[in-house]
$ cat coords_24.cif   # mmCIF, C-alpha atoms
data_query
loop_
_atom_site.group_PDB
_atom_site.id
_atom_site.type_symbol
_atom_site.label_atom_id
_atom_site.label_comp_id
_atom_site.auth_asym_id
_atom_site.auth_seq_id
_atom_site.Cartn_x
_atom_site.Cartn_y
_atom_site.Cartn_z
ATOM 1 C CA MET A 1 103.289 137.855 126.498
ATOM 2 C CA ALA A 2 105.582 137.698 123.467
ATOM 3 C CA PRO A 3 105.498 134.531 121.354
ATOM 4 C CA SER A 4 108.420 132.123 121.655
ATOM 5 C CA LEU A 5 110.788 131.409 118.780
ATOM 6 C CA GLN A 6 109.133 128.024 118.247
ATOM 7 C CA GLN A 7 105.724 129.666 117.955
ATOM 8 C CA LYS A 8 107.078 132.206 115.466
ATOM 9 C CA LEU A 9 108.660 129.462 113.360
ATOM 10 C CA PHE A 10 105.431 127.459 113.426
ATOM 11 C CA VAL A 11 103.440 130.469 112.195
ATOM 12 C CA GLU A 12 105.976 131.089 109.420
ATOM 13 C CA PHE A 13 105.910 127.404 108.432
ATOM 14 C CA VAL A 14 102.119 127.165 108.268
ATOM 15 C CA GLY A 15 101.734 130.502 106.476
ATOM 16 C CA THR A 16 104.398 129.750 103.881
ATOM 17 C CA ALA A 17 103.023 126.256 103.274
ATOM 18 C CA LEU A 18 99.500 127.625 102.757
ATOM 19 C CA LEU A 19 100.751 130.337 100.427
ATOM 20 C CA CYS A 20 102.765 127.871 98.321
ATOM 21 C CA PHE A 21 99.855 125.436 98.287
ATOM 22 C CA THR A 22 97.576 128.192 97.005
ATOM 23 C CA VAL A 23 100.035 129.296 94.325
ATOM 24 C CA SER A 24 100.575 125.693 93.212
ATOM 25 C CA CYS A 25 96.870 124.836 92.997
ATOM 26 C CA LEU A 26 95.500 127.922 91.286
ATOM 27 C CA PRO A 27 96.730 127.416 87.726
ATOM 28 C CA LYS A 28 94.853 124.096 87.723
ATOM 29 C CA VAL A 29 91.625 125.596 89.046
ATOM 30 C CA ALA A 30 91.151 129.234 88.036
ATOM 31 C CA GLU A 31 93.728 130.790 85.727
ATOM 32 C CA ASP A 32 91.932 134.125 85.509
ATOM 33 C CA MET A 33 91.768 134.599 89.291
ATOM 34 C CA VAL A 34 95.384 133.816 90.241
ATOM 35 C CA GLY A 35 96.449 137.360 91.138
ATOM 36 C CA ILE A 36 93.467 138.322 93.248
ATOM 37 C CA THR A 37 93.376 134.959 95.008
ATOM 38 C CA VAL A 38 97.070 134.910 95.902
ATOM 39 C CA GLY A 39 96.836 138.527 97.072
ATOM 40 C CA GLY A 40 93.807 137.738 99.192
ATOM 41 C CA VAL A 41 95.398 134.682 100.773
ATOM 42 C CA LEU A 42 98.603 136.601 101.475
ATOM 43 C CA MET A 43 96.618 139.442 103.066
ATOM 44 C CA LEU A 44 94.716 136.992 105.250
ATOM 45 C CA LEU A 45 97.938 135.248 106.328
ATOM 46 C CA VAL A 46 99.704 138.522 107.159
ATOM 47 C CA TYR A 47 96.765 139.708 109.255
ATOM 48 C CA ALA A 48 96.506 136.338 111.002
ATOM 49 C CA GLY A 49 100.204 135.655 111.610
ATOM 50 C CA GLY A 50 101.695 139.130 111.569
ATOM 51 C CA PRO A 51 101.294 139.795 115.296
ATOM 52 C CA GLN A 52 103.024 136.509 116.142
ATOM 53 C CA SER A 53 105.901 136.245 113.664
ATOM 54 C CA GLY A 54 105.860 139.379 111.558
ATOM 55 C CA GLY A 55 104.149 137.602 108.671
ATOM 56 C CA HIS A 56 107.168 137.376 106.357
ATOM 57 C CA TYR A 57 106.269 134.073 104.591
ATOM 58 C CA ASN A 58 109.084 134.638 102.076
ATOM 59 C CA PRO A 59 112.859 134.469 102.495
ATOM 60 C CA ALA A 60 113.259 137.683 100.476
ATOM 61 C CA VAL A 61 111.049 139.548 102.935
ATOM 62 C CA THR A 62 112.982 138.067 105.864
ATOM 63 C CA LEU A 63 116.247 139.164 104.242
ATOM 64 C CA ALA A 64 114.891 142.704 103.839
ATOM 65 C CA ILE A 65 113.832 142.777 107.493
ATOM 66 C CA LEU A 66 117.306 141.526 108.455
ATOM 67 C CA GLY A 67 118.863 144.288 106.357
ATOM 68 C CA ARG A 68 116.903 146.857 108.343
ATOM 69 C CA ASP A 69 118.186 145.326 111.619
ATOM 70 C CA LEU A 70 114.667 144.517 112.756
ATOM 71 C CA ILE A 71 115.477 140.843 113.377
ATOM 72 C CA GLU A 72 118.558 138.992 114.597
ATOM 73 C CA ALA A 73 120.627 136.999 112.079
ATOM 74 C CA LYS A 74 120.061 133.684 113.885
ATOM 75 C CA GLU A 75 116.305 134.181 113.946
ATOM 76 C CA ALA A 76 116.293 135.246 110.283
ATOM 77 C CA ALA A 77 118.234 132.122 109.301
ATOM 78 C CA LEU A 78 115.772 129.911 111.179
ATOM 79 C CA TYR A 79 112.853 131.723 109.515
ATOM 80 C CA MET A 80 114.383 131.082 106.080
ATOM 81 C CA VAL A 81 114.934 127.389 106.805
ATOM 82 C CA ALA A 82 111.345 127.026 108.017
ATOM 83 C CA GLN A 83 110.076 128.899 104.942
ATOM 84 C CA ALA A 84 112.091 126.722 102.547
ATOM 85 C CA ILE A 85 110.854 123.490 104.123
ATOM 86 C CA ALA A 86 107.289 124.832 104.179
ATOM 87 C CA ALA A 87 107.454 125.824 100.510
ATOM 88 C CA VAL A 88 108.456 122.296 99.537
ATOM 89 C CA ALA A 89 105.737 120.830 101.777
ATOM 90 C CA GLY A 90 103.024 123.114 100.399
ATOM 91 C CA ALA A 91 103.954 122.481 96.769
ATOM 92 C CA THR A 92 104.231 118.733 97.388
ATOM 93 C CA VAL A 93 100.756 118.549 98.883
ATOM 94 C CA ALA A 94 99.364 120.459 95.903
ATOM 95 C CA ALA A 95 100.978 118.147 93.349
#

$ encode --input "coords_24.cif" --output "structure tokens"
Amino acid sequence: MAPSLQQKLFVEFVGTALLCFTVSCLPKVAEDMVGITVGGVLMLLVYAGGPQSGGHYNPAVTLAILGRDLIEAKEAALYMVAQAIAAVAGATVAA
């Protein structure tokens, strides 16, 4: 059974929030491990959420997918709104 739009948006929200939280926390904790840690977290999130939502977690990626006509414009816009709100939430929690 295919996931609903609400489920997809939830996955995008949680994934984007976790990614932004990770990026916001790392300079305070381990400056020399930022690249590998962010890459590892992103890989984990894409593997975990990819089957449900596509694992975009970034408005630029969603825009690229929209440009390839792999997603509808309405769904892409909702993804981007969810990602923007999640980015603010993740960075706020890290602050």

$ axis_aligned_box --input "coords_24.cif" --around "stretch 15-34 of chain A" --padding-each-side "4 Å" --output "lines of an AutoDock Vina configuration file"
center_x = 97.8
center_y = 129.3
center_z = 96.0
size_x = 21.2
size_y = 18.5
size_z = 29.0

$ atom_distance --input "coords_24.cif" --atom1 "atom CA of A:Asp32" --atom2 "atom CA of A:Val11"
29.3 Å

$ resolve_selection --input "coords_24.cif" --expression "the PyMOL selection byres ((chain A and resi 23) around 10)" --output "ChimeraX atom specification"
/A:17-22,24-28,34-35,37-38,41,90-91,94

$ resolve_selection --input "coords_24.cif" --expression "the PyMOL selection byres ((chain A and resi 49) around 12)" --output "PyMOL selection string"
chain A and resi 3+7-16+18+41-48+50-57

$ atom_distance --input "coords_24.cif" --atom1 "atom CA of A:Ile85" --atom2 "atom CA of A:Ile36"
25.3 Å

$ atom_distance --input "coords_24.cif" --atom1 "atom CA of A:Asn58" --atom2 "atom CA of A:Ala95"
20.3 Å

$ closest_residue --input "coords_24.cif" --among "A:Ala60, A:Met33, A:Val93, A:Ala2" --to "A:Met80" --atoms "all atoms listed in the file"
A:Ala60

$ residues_around --input "coords_24.cif" --residues "A:Leu63" --least-positions-apart "5" --cutoff "10 Å" --atoms "all atoms listed in the file" --output "list in words"
His56, Asn58, Arg68, Asp69, Ile71, Ala73, Ala76, Ala77, Tyr79 and Met80 of chain A

$ closest_residue --input "coords_24.cif" --among "A:Thr92, A:Glu31, A:Lys74, A:Gln83" --to "A:Val61" --atoms "only C-alpha atoms"
A:Gln83

$ build_atoms --input "coords_24.cif" --residues "stretch 18-29 of chain A" --atoms "all heavy atoms" --output "tab-separated table (two decimals), keeping the file's coordinate frame"
chain	number	residue	atom	x	y	z
A	18	LEU	N	100.81	127.29	103.32
A	18	LEU	CA	99.50	127.62	102.76
A	18	LEU	C	99.64	128.52	101.52
A	18	LEU	O	98.91	128.34	100.54
A	18	LEU	CB	98.63	128.32	103.81
A	18	LEU	CG	98.06	127.41	104.88
A	18	LEU	CD1	97.38	128.24	105.98
A	18	LEU	CD2	97.07	126.43	104.29
A	19	LEU	N	100.55	129.46	101.57
A	19	LEU	CA	100.75	130.34	100.43
A	19	LEU	C	101.26	129.55	99.22
A	19	LEU	O	100.75	129.71	98.11
A	19	LEU	CB	101.72	131.46	100.80
A	19	LEU	CG	101.94	132.53	99.74
A	19	LEU	CD1	100.64	133.23	99.40
A	19	LEU	CD2	102.97	133.53	100.23
A	20	CYS	N	102.24	128.68	99.43
A	20	CYS	CA	102.76	127.87	98.32
A	20	CYS	C	101.73	126.88	97.81
A	20	CYS	O	101.65	126.62	96.61
A	20	CYS	CB	104.04	127.16	98.76
A	20	CYS	SG	105.42	128.30	98.89
A	21	PHE	N	100.94	126.33	98.70
A	21	PHE	CA	99.86	125.44	98.29
A	21	PHE	C	98.88	126.18	97.39
A	21	PHE	O	98.47	125.68	96.33
A	21	PHE	CB	99.14	124.88	99.53
A	21	PHE	CG	97.95	124.03	99.20
A	21	PHE	CD1	98.13	122.72	98.80
A	21	PHE	CD2	96.67	124.54	99.30
A	21	PHE	CE1	97.03	121.92	98.49
A	21	PHE	CE2	95.58	123.76	99.00
A	21	PHE	CZ	95.75	122.44	98.58
A	22	THR	N	98.51	127.38	97.79
A	22	THR	CA	97.58	128.19	97.00
A	22	THR	C	98.15	128.51	95.63
A	22	THR	O	97.47	128.35	94.61
A	22	THR	CB	97.25	129.51	97.75
A	22	THR	OG1	96.71	129.19	99.02
A	22	THR	CG2	96.28	130.36	96.97
A	23	VAL	N	99.40	128.95	95.59
A	23	VAL	CA	100.04	129.30	94.32
A	23	VAL	C	100.15	128.07	93.43
A	23	VAL	O	99.95	128.16	92.22
A	23	VAL	CB	101.42	129.93	94.58
A	23	VAL	CG1	102.21	130.07	93.30
A	23	VAL	CG2	101.26	131.29	95.25
A	24	SER	N	100.42	126.92	94.00
A	24	SER	CA	100.58	125.69	93.21
A	24	SER	C	99.25	125.16	92.68
A	24	SER	O	99.21	124.55	91.61
A	24	SER	CB	101.25	124.60	94.05
A	24	SER	OG	102.54	125.00	94.43
A	25	CYS	N	98.17	125.36	93.41
A	25	CYS	CA	96.87	124.84	93.00
A	25	CYS	C	96.14	125.73	92.00
A	25	CYS	O	95.39	125.23	91.17
A	25	CYS	CB	95.97	124.66	94.21
A	25	CYS	SG	96.39	123.24	95.21
A	26	LEU	N	96.33	127.01	92.07
A	26	LEU	CA	95.50	127.92	91.29
A	26	LEU	C	95.58	127.76	89.78
A	26	LEU	O	94.54	127.84	89.12
A	26	LEU	CB	95.81	129.37	91.67
A	26	LEU	CG	95.09	129.81	92.92
A	26	LEU	CD1	95.50	131.21	93.30
A	26	LEU	CD2	93.60	129.76	92.74
A	27	PRO	N	96.74	127.56	89.19
A	27	PRO	CA	96.73	127.42	87.73
A	27	PRO	C	95.87	126.24	87.25
A	27	PRO	O	95.38	126.25	86.14
A	27	PRO	CB	98.21	127.19	87.38
A	27	PRO	CG	98.95	127.82	88.50
A	27	PRO	CD	98.09	127.60	89.71
A	28	LYS	N	95.67	125.25	88.09
A	28	LYS	CA	94.85	124.10	87.72
A	28	LYS	C	93.36	124.40	87.86
A	28	LYS	O	92.54	123.76	87.23
A	28	LYS	CB	95.19	122.91	88.62
A	28	LYS	CG	96.63	122.48	88.56
A	28	LYS	CD	96.91	121.44	89.63
A	28	LYS	CE	98.40	121.21	89.74
A	28	LYS	NZ	98.76	120.39	90.90
A	29	VAL	N	93.03	125.36	88.70
A	29	VAL	CA	91.62	125.60	89.05
A	29	VAL	C	91.06	126.84	88.35
A	29	VAL	O	90.04	126.77	87.68
A	29	VAL	CB	91.47	125.73	90.58
A	29	VAL	CG1	90.03	126.00	90.95
A	29	VAL	CG2	91.97	124.49	91.27
